[in-house]
$ cat query-v3.txt   # compact mmCIF, C-alpha atoms
# COMPACT_ATOMS: atom_id res chain seq x y z
CA LEU A 1 77.28 91.41 118.03
CA GLU A 2 76.73 95.11 117.34
CA LEU A 3 78.01 94.68 113.77
CA GLU A 4 75.75 91.66 113.25
CA GLU A 5 72.76 93.64 114.52
CA GLU A 6 73.68 96.56 112.28
CA LEU A 7 74.00 94.35 109.18
CA GLY A 8 71.15 92.01 110.03
CA VAL A 9 73.20 88.85 109.41
CA ASP A 10 75.12 86.36 111.55
CA ILE A 11 78.86 86.65 110.99
CA PHE A 12 79.67 83.70 113.26
CA SER A 13 77.88 80.45 113.94
CA ARG A 14 77.62 79.96 117.71
CA HIS A 15 77.09 77.17 120.20
CA GLY A 16 76.06 78.95 123.36
CA LYS A 17 78.71 81.61 123.93
CA ARG A 18 81.32 79.76 121.87
CA LEU A 19 82.10 80.73 118.28
CA LYS A 20 82.04 77.65 116.05
CA ARG A 21 82.79 79.00 112.56
CA VAL A 22 82.43 81.91 110.18
CA THR A 23 79.13 81.86 108.30
CA GLU A 24 78.89 82.30 104.52
CA PRO A 25 77.74 85.95 104.79
CA GLY A 26 80.38 86.38 107.50
CA GLU A 27 83.11 85.41 105.04
CA GLN A 28 81.97 88.19 102.71
CA VAL A 29 81.89 90.67 105.59
CA LEU A 30 85.45 89.72 106.62
CA LYS A 31 86.67 90.16 103.04
CA SER A 32 85.17 93.66 103.00
CA ILE A 33 86.81 94.45 106.34
CA ASP A 34 90.16 93.31 104.92
CA ILE A 35 89.73 95.68 101.95
CA ILE A 36 88.78 98.53 104.29
CA MET A 37 91.85 97.95 106.49
CA ARG A 38 94.07 97.81 103.42
CA GLU A 39 92.74 101.18 102.28
CA VAL A 40 93.25 102.62 105.77
CA ASN A 41 96.91 101.57 105.54
CA ASN A 42 97.11 103.10 102.07
CA LEU A 43 95.73 106.38 103.42
CA LYS A 44 98.46 106.38 106.05
CA ARG A 45 101.08 105.80 103.35
CA ILE A 46 99.65 108.57 101.16
CA GLY A 47 99.79 110.97 104.10
CA GLU A 48 103.38 109.97 104.82
CA HIS A 49 104.26 110.25 101.13
CA TYR A 50 103.04 113.80 100.72
CA SER A 51 104.36 115.00 104.06
CA ARG A 52 107.75 113.29 103.53
CA GLN A 53 108.31 113.23 99.77
CA ASP A 54 111.95 112.15 99.76
CA SER A 55 112.45 110.54 103.14
CA GLY A 56 111.35 107.46 105.02
CA THR A 57 112.31 103.79 105.08
CA LEU A 58 112.49 101.41 102.14
CA SER A 59 112.02 97.93 103.57
CA ILE A 60 113.24 95.10 101.31
CA ALA A 61 112.65 91.40 101.96
CA THR A 62 114.97 89.17 99.96
CA THR A 63 117.22 86.12 99.98
CA HIS A 64 120.90 86.14 100.85
CA THR A 65 121.96 85.72 97.20
CA GLN A 66 120.04 88.81 96.09
CA ALA A 67 121.16 90.88 99.08
CA ARG A 68 124.80 89.87 98.65
CA TYR A 69 125.31 89.93 94.88
CA VAL A 70 122.46 91.76 93.12
CA LEU A 71 121.14 94.59 95.28
CA PRO A 72 124.25 96.47 96.52
CA PRO A 73 124.70 98.70 93.39
CA SER A 74 120.97 99.55 93.30
CA VAL A 75 120.81 100.30 97.02
CA ALA A 76 123.90 102.53 96.75
CA LYS A 77 122.42 104.47 93.81
CA LEU A 78 119.11 104.86 95.61
CA ARG A 79 120.87 106.32 98.65
CA GLN A 80 122.66 108.78 96.38
CA ALA A 81 119.36 109.89 94.84
CA TYR A 82 117.45 109.85 98.16
CA PRO A 83 119.95 110.56 100.97
CA ASP A 84 117.17 110.81 103.55
CA VAL A 85 115.82 107.33 102.80
CA THR A 86 116.87 104.56 105.17
CA VAL A 87 117.11 101.06 103.68
CA SER A 88 116.09 98.08 105.82
CA LEU A 89 117.11 94.65 104.47
CA HIS A 90 115.31 91.53 105.70
CA GLN A 91 117.06 88.32 104.57
CA ALA A 92 114.87 85.23 104.60
CA GLU A 93 113.78 82.20 102.63
CA PRO A 94 111.41 82.89 99.68
CA SER A 95 108.18 81.91 101.49
CA GLN A 96 109.12 84.24 104.35
CA VAL A 97 109.92 86.98 101.82
CA ALA A 98 106.40 86.62 100.41
CA ARG A 99 104.82 86.69 103.87
CA MET A 100 106.72 89.85 104.88
CA VAL A 101 105.41 91.69 101.82
CA ILE A 102 101.86 90.42 102.40
CA ASP A 103 102.04 91.43 106.09
CA GLU A 104 103.45 94.85 105.07
CA VAL A 105 106.67 94.31 106.99
CA ALA A 106 108.41 94.99 103.65
CA ASP A 107 107.54 97.33 100.78
CA VAL A 108 109.07 95.02 98.22
CA GLY A 109 110.21 91.41 98.01
CA MET A 110 112.78 89.78 95.74
CA ALA A 111 113.46 86.08 95.25
CA THR A 112 113.65 83.31 92.66
CA GLU A 113 111.35 80.72 94.22
CA SER A 114 107.63 80.86 95.00
CA LEU A 115 106.69 84.56 94.91
CA ALA A 116 104.31 84.19 91.96
CA ARG A 117 102.26 81.58 93.88
CA TYR A 118 100.62 84.16 96.13
CA PRO A 119 97.48 85.91 94.75
CA GLU A 120 97.99 88.70 97.31
CA LEU A 121 101.16 89.69 95.48
CA VAL A 122 101.91 91.33 92.16
CA THR A 123 105.14 89.80 90.83
CA LEU A 124 107.24 90.98 87.90
CA PRO A 125 110.38 89.39 86.39
CA CYS A 126 113.69 91.16 87.09
CA TYR A 127 116.25 89.03 85.29
CA GLU A 128 117.05 85.50 84.09
CA TRP A 129 119.98 83.40 85.22
CA GLN A 130 121.39 79.89 85.06
CA HIS A 131 123.19 77.66 87.54
CA MET A 132 126.95 77.21 87.40
CA ILE A 133 129.09 74.23 88.40
CA VAL A 134 132.07 75.23 90.57
CA MET A 135 134.96 72.83 91.17
CA PRO A 136 138.71 72.73 91.83
CA LYS A 137 140.89 73.39 88.80
CA ASP A 138 142.41 69.92 88.98
CA HIS A 139 139.06 68.10 89.24
CA PRO A 140 138.50 65.52 86.42
CA LEU A 141 135.24 67.24 85.41
CA ALA A 142 137.10 70.52 84.93
CA GLN A 143 138.47 69.08 81.69
CA ILE A 144 134.93 68.63 80.26
CA ASP A 145 133.43 71.65 78.50
CA THR A 146 129.82 70.40 78.41
CA LEU A 147 128.87 68.48 81.53
CA ARG A 148 126.10 65.85 81.70
CA LEU A 149 123.77 65.05 84.59
CA GLN A 150 125.34 61.59 84.70
CA ASP A 151 128.72 63.24 85.34
CA LEU A 152 127.31 65.18 88.30
CA ALA A 153 125.30 62.29 89.76
CA SER A 154 128.51 60.37 90.48
CA GLN A 155 129.99 63.27 92.48
CA ALA A 156 129.54 64.66 95.98
CA LEU A 157 127.45 67.82 95.47
CA ILE A 158 127.27 71.02 97.51
CA THR A 159 124.34 73.27 96.72
CA TYR A 160 121.46 75.35 98.06
CA HIS A 161 118.81 74.42 100.57
CA PRO A 162 115.66 73.21 98.70
CA SER A 163 113.86 76.54 99.27
CA PHE A 164 116.55 78.72 97.69
CA ALA A 165 118.04 79.86 94.40
CA GLY A 166 116.30 77.59 91.92
CA ARG A 167 117.12 74.36 93.78
CA THR A 168 113.73 73.01 92.65
CA ARG A 169 114.91 72.97 89.03
CA VAL A 170 118.07 71.09 90.00
CA ASP A 171 116.09 68.36 91.78
CA GLN A 172 113.57 68.11 88.93
CA ALA A 173 116.33 67.68 86.34
CA PHE A 174 117.86 64.72 88.18
CA GLU A 175 114.43 63.19 88.81
CA ALA A 176 113.51 63.44 85.12
CA LYS A 177 116.61 61.36 84.28
CA GLN A 178 115.88 58.96 87.16
CA LEU A 179 119.15 59.91 88.82
CA THR A 180 119.73 60.43 92.53
CA PRO A 181 122.14 63.27 93.30
CA ASN A 182 124.58 62.79 96.17
CA VAL A 183 124.07 66.11 97.98
CA VAL A 184 126.50 66.12 100.90
CA LEU A 185 125.93 69.69 102.06
CA GLU A 186 123.13 72.26 101.68
CA ALA A 187 123.47 75.99 102.38
CA ILE A 188 121.66 79.28 101.76
CA ASP A 189 124.86 81.22 101.10
CA SER A 190 126.81 80.95 97.84
CA ASP A 191 130.05 81.96 99.60
CA VAL A 192 129.60 79.05 102.00
CA ILE A 193 129.18 76.66 99.07
CA LYS A 194 132.35 77.95 97.42
CA THR A 195 134.26 77.64 100.69
CA TYR A 196 133.40 73.95 101.08
CA VAL A 197 134.27 73.30 97.43
CA GLN A 198 137.70 74.83 98.17
CA LEU A 199 138.04 72.39 101.06
CA GLY A 200 137.57 69.46 98.66
CA MET A 201 134.20 68.28 100.02
CA GLY A 202 132.65 68.12 96.52
CA ILE A 203 131.63 70.22 93.54
CA GLY A 204 129.23 73.12 93.92
CA ILE A 205 126.05 74.14 92.12
CA ILE A 206 125.51 77.87 92.58
CA ALA A 207 123.64 80.79 91.03
CA GLU A 208 125.28 82.59 88.14
CA VAL A 209 124.95 85.93 89.95
CA ALA A 210 127.25 84.61 92.69
CA LEU A 211 130.08 84.71 90.14
CA ARG A 212 129.90 88.47 89.66
CA GLU A 213 132.99 88.51 91.82
CA ALA A 214 136.04 86.57 90.68
CA LEU A 215 136.44 83.00 91.87
CA PRO A 216 139.46 82.05 93.97
CA PRO A 217 142.29 81.09 91.57
CA GLU A 218 142.10 77.40 92.50
CA LEU A 219 138.45 77.11 91.36
CA VAL A 220 136.81 77.05 87.92
CA ALA A 221 133.18 77.33 86.83
CA ARG A 222 131.17 75.69 84.05
CA PRO A 223 127.68 76.72 82.84
CA ALA A 224 124.78 74.40 83.68
CA GLY A 225 121.86 76.08 81.94
CA HIS A 226 121.63 73.16 79.51
CA LEU A 227 121.12 70.84 82.50
CA PHE A 228 118.83 72.81 84.80
CA GLY A 229 117.20 75.40 82.54
CA THR A 230 116.75 79.12 83.14
CA ASN A 231 115.58 80.69 86.39
CA ILE A 232 113.69 83.95 86.80
CA THR A 233 114.20 86.24 89.77
CA ARG A 234 111.09 88.29 90.54
CA MET A 235 110.15 91.41 92.43
CA ALA A 236 106.92 91.40 94.43
CA PHE A 237 104.60 94.08 95.77
CA LYS A 238 101.44 93.68 97.82
CA ARG A 239 98.41 93.92 95.57
CA GLY A 240 96.52 97.16 96.09
CA SER A 241 99.21 98.81 98.21
CA TYR A 242 100.37 102.40 97.79
CA LEU A 243 104.00 102.68 96.67
CA ARG A 244 106.12 105.74 97.34
CA ASN A 245 108.28 107.37 94.69
CA PHE A 246 111.53 105.86 95.95
CA VAL A 247 110.04 102.35 95.78
CA TYR A 248 109.45 102.82 92.05
CA GLU A 249 112.94 104.28 91.69
CA PHE A 250 114.50 101.30 93.47
CA ALA A 251 112.63 98.81 91.25
CA GLN A 252 113.90 100.44 88.07
CA LEU A 253 117.45 100.60 89.43
CA VAL A 254 117.32 96.82 89.95
CA SER A 255 115.83 96.14 86.52
CA PRO A 256 115.25 98.79 83.80
CA GLN A 257 112.14 96.91 82.64
CA LEU A 258 110.46 97.57 85.99
CA SER A 259 109.30 101.06 85.10
CA ARG A 260 106.68 102.88 87.14
CA GLU A 261 104.23 102.39 84.28
CA ALA A 262 104.86 98.61 84.16
CA ILE A 263 104.40 98.27 87.92
CA GLU A 264 101.24 100.39 88.03
CA SER A 265 99.77 98.43 85.12
CA ALA A 266 100.42 95.13 86.90
CA MET A 267 99.03 96.48 90.18
CA ASN A 268 95.78 97.34 88.40
CA THR A 269 95.43 93.85 86.89
CA GLU A 270 93.34 91.17 88.59
CA PRO A 271 95.25 88.03 89.74
CA ALA A 272 93.74 85.72 87.10
CA GLU A 273 94.63 88.25 84.38
CA GLN A 274 98.32 88.73 85.18
CA PRO A 275 100.41 88.75 81.98
CA GLU A 276 102.36 85.59 81.14
CA SER A 277 105.65 87.35 81.88
CA SER A 278 104.71 87.67 85.56
CA LYS A 279 103.68 84.03 86.13
CA SER A 280 105.87 81.30 87.56
CA PRO A 281 108.22 79.56 85.13
$ encode --input "query-v3.txt" --output "structure tokens"
Amino acid sequence: LELEEELGVDIFSRHGKRLKRVTEPGEQVLKSIDIIMREVNNLKRIGEHYSRQDSGTLSIATTHTQARYVLPPSVAKLRQAYPDVTVSLHQAEPSQVARMVIDEVADVGMATESLARYPELVTLPCYEWQHMIVMPKDHPLAQIDTLRLQDLASQALITYHPSFAGRTRVDQAFEAKQLTPNVVLEAIDSDVIKTYVQLGMGIGIIAEVALREALPPELVARPAGHLFGTNITRMAFKRGSYLRNFVYEFAQLVSPQLSREAIESAMNTEPAEQPESSKSP
């Protein structure tokens, strides 16, 4: 009430003492309050940055695949460069990754699905990858160099949960050919998928990065980029947030193209003007 009296406008529409809805001028007031609170948080970060130049916590929200296969070398190098920085890893599905960055639970988010859909986030591409088909060495499809969707549709498939690791592209590829895949098991963990393939439950569709470590000797892998296309893993930051030096350092360790200049340029770009390279594939 005091704020309404000060501004001379009604922020809420009321019925007696009950608040019914936010008025049109009220929506503008709330947007301004959101900007003010964001800047207050930035001021806190700036104070922390200059009082603790090389220490603090880097909070990373990401999926299991990124945390397990992609980030370990970068995190290790960051700790060498900034020994007083603590790294906090939050593993979640992509929509939760986005929400943690928006809610400032995490400084940075990393995932393949969905991050570029949020106007509150600045997203930049890290790297491209394709899916791989994993199967036992003695499987009939292991003798085929270039697999077709028809070959896969007749098999029991083990792959990611629909929210993870480019699963959307897999489903879209089958749908485009009017084929129904026989998915017998879904998981969020590439190691789990490989384990069930070893047990003979079916053939696996996993992310290429999950093959950075050697497969068990009884399994083989075949590329599937020609079937499901290329995926782009992205890094996300909250629009308008203040980033500390070690956040920029971490981003460039993950992907050399994510320089401080590239990130700052994207952070200063309005949502509708984001460059094509930072939009969803």
$ residues_around --input "query-v3.txt" --residues "Ala262 of chain A" --least-positions-apart "3" --cutoff "12 Å" --atoms "all atoms listed in the file" --output "list in words"
Val122, Thr123, Leu124, Pro125, Cys126, Tyr248, Ala251, Gln252, Ser255, Pro256, Gln257, Leu258, Ser259, Ser265, Ala266, Met267, Asn268, Thr269, Gln274, Pro275, Ser277 and Ser278 of chain A
$ atom_distance --input "query-v3.txt" --atom1 "atom CA of Val254 of chain A" --atom2 "atom CA of Arg167 of chain A"
22.8 Å
$ residues_around --input "query-v3.txt" --residues "Ala210 of chain A" --least-positions-apart "3" --cutoff "8 Å" --atoms "all atoms listed in the file" --output "PDB file with C-alpha atoms, in the frame of the given file"
ATOM      1  CA  THR A  65     121.960  85.720  97.200  1.00  0.00           C
ATOM      2  CA  TYR A  69     125.310  89.930  94.880  1.00  0.00           C
ATOM      3  CA  SER A 190     126.810  80.950  97.840  1.00  0.00           C
ATOM      4  CA  ASP A 191     130.050  81.960  99.600  1.00  0.00           C
ATOM      5  CA  ILE A 206     125.510  77.870  92.580  1.00  0.00           C
ATOM      6  CA  ALA A 207     123.640  80.790  91.030  1.00  0.00           C
ATOM      7  CA  GLU A 213     132.990  88.510  91.820  1.00  0.00           C
TER       8      GLU A 213
END
$ atom_distance --input "query-v3.txt" --atom1 "atom CA of Arg169 of chain A" --atom2 "atom CA of Ile60 of chain A"
25.4 Å
$ closest_atom_pairs --input "query-v3.txt" --of "segment 153-213 of chain A" --to "segment 109-115 of chain A" --cutoff "12 Å" --atoms "all atoms listed in the file" --output "JSON lines"
{"residue": "A:His161", "atom": "CA", "partner": "A:Glu113", "partner_atom": "CA", "distance": 11.6}
{"residue": "A:Pro162", "atom": "CA", "partner": "A:Glu113", "partner_atom": "CA", "distance": 9.7}
{"residue": "A:Ser163", "atom": "CA", "partner": "A:Glu113", "partner_atom": "CA", "distance": 7.0}
{"residue": "A:Phe164", "atom": "CA", "partner": "A:Glu113", "partner_atom": "CA", "distance": 6.6}
{"residue": "A:Ala165", "atom": "CA", "partner": "A:Thr112", "partner_atom": "CA", "distance": 5.8}
{"residue": "A:Gly166", "atom": "CA", "partner": "A:Glu113", "partner_atom": "CA", "distance": 6.3}
{"residue": "A:Arg167", "atom": "CA", "partner": "A:Glu113", "partner_atom": "CA", "distance": 8.6}
{"residue": "A:Thr168", "atom": "CA", "partner": "A:Glu113", "partner_atom": "CA", "distance": 8.2}
{"residue": "A:Arg169", "atom": "CA", "partner": "A:Glu113", "partner_atom": "CA", "distance": 10.0}
{"residue": "A:Ala207", "atom": "CA", "partner": "A:Thr112", "partner_atom": "CA", "distance": 10.4}
{"residue": "A:Val209", "atom": "CA", "partner": "A:Thr112", "partner_atom": "CA", "distance": 11.9}
$ closest_residue --input "query-v3.txt" --among "A:Glu24, A:Phe12, A:Ala116, A:Glu6" --to "Ala236 of chain A" --atoms "all atoms listed in the file"
A:Ala116
$ closest_residue --input "query-v3.txt" --among "A:Ser95, A:Gln178, A:Thr57, A:Thr159" --to "Lys194 of chain A" --atoms "only C-alpha atoms"
A:Thr159
$ residues_near_point --input "query-v3.txt" --point "(137.7, 68.0, 97.8)" --cutoff "10 Å" --atoms "only C-alpha atoms" --output "list of chain:residue names"
A:Met135, A:Pro136, A:His139, A:Ala156, A:Tyr196, A:Val197, A:Gln198, A:Leu199, A:Gly200, A:Met201, A:Gly202, A:Ile203
$ atom_distance --input "query-v3.txt" --atom1 "atom CA of Gly225 of chain A" --atom2 "atom CA of Arg148 of chain A"
11.1 Å
$ residues_near_point --input "query-v3.txt" --point "(126.2, 64.4, 100.2)" --cutoff "7 Å" --atoms "all atoms listed in the file" --output "MDAnalysis selection string"
chainID A and resid 156:157 182:185
$ closest_residue --input "query-v3.txt" --among "A:Leu78, A:Val40, A:Ala221, A:Leu149" --to "Tyr242 of chain A" --atoms "only C-alpha atoms"
A:Val40
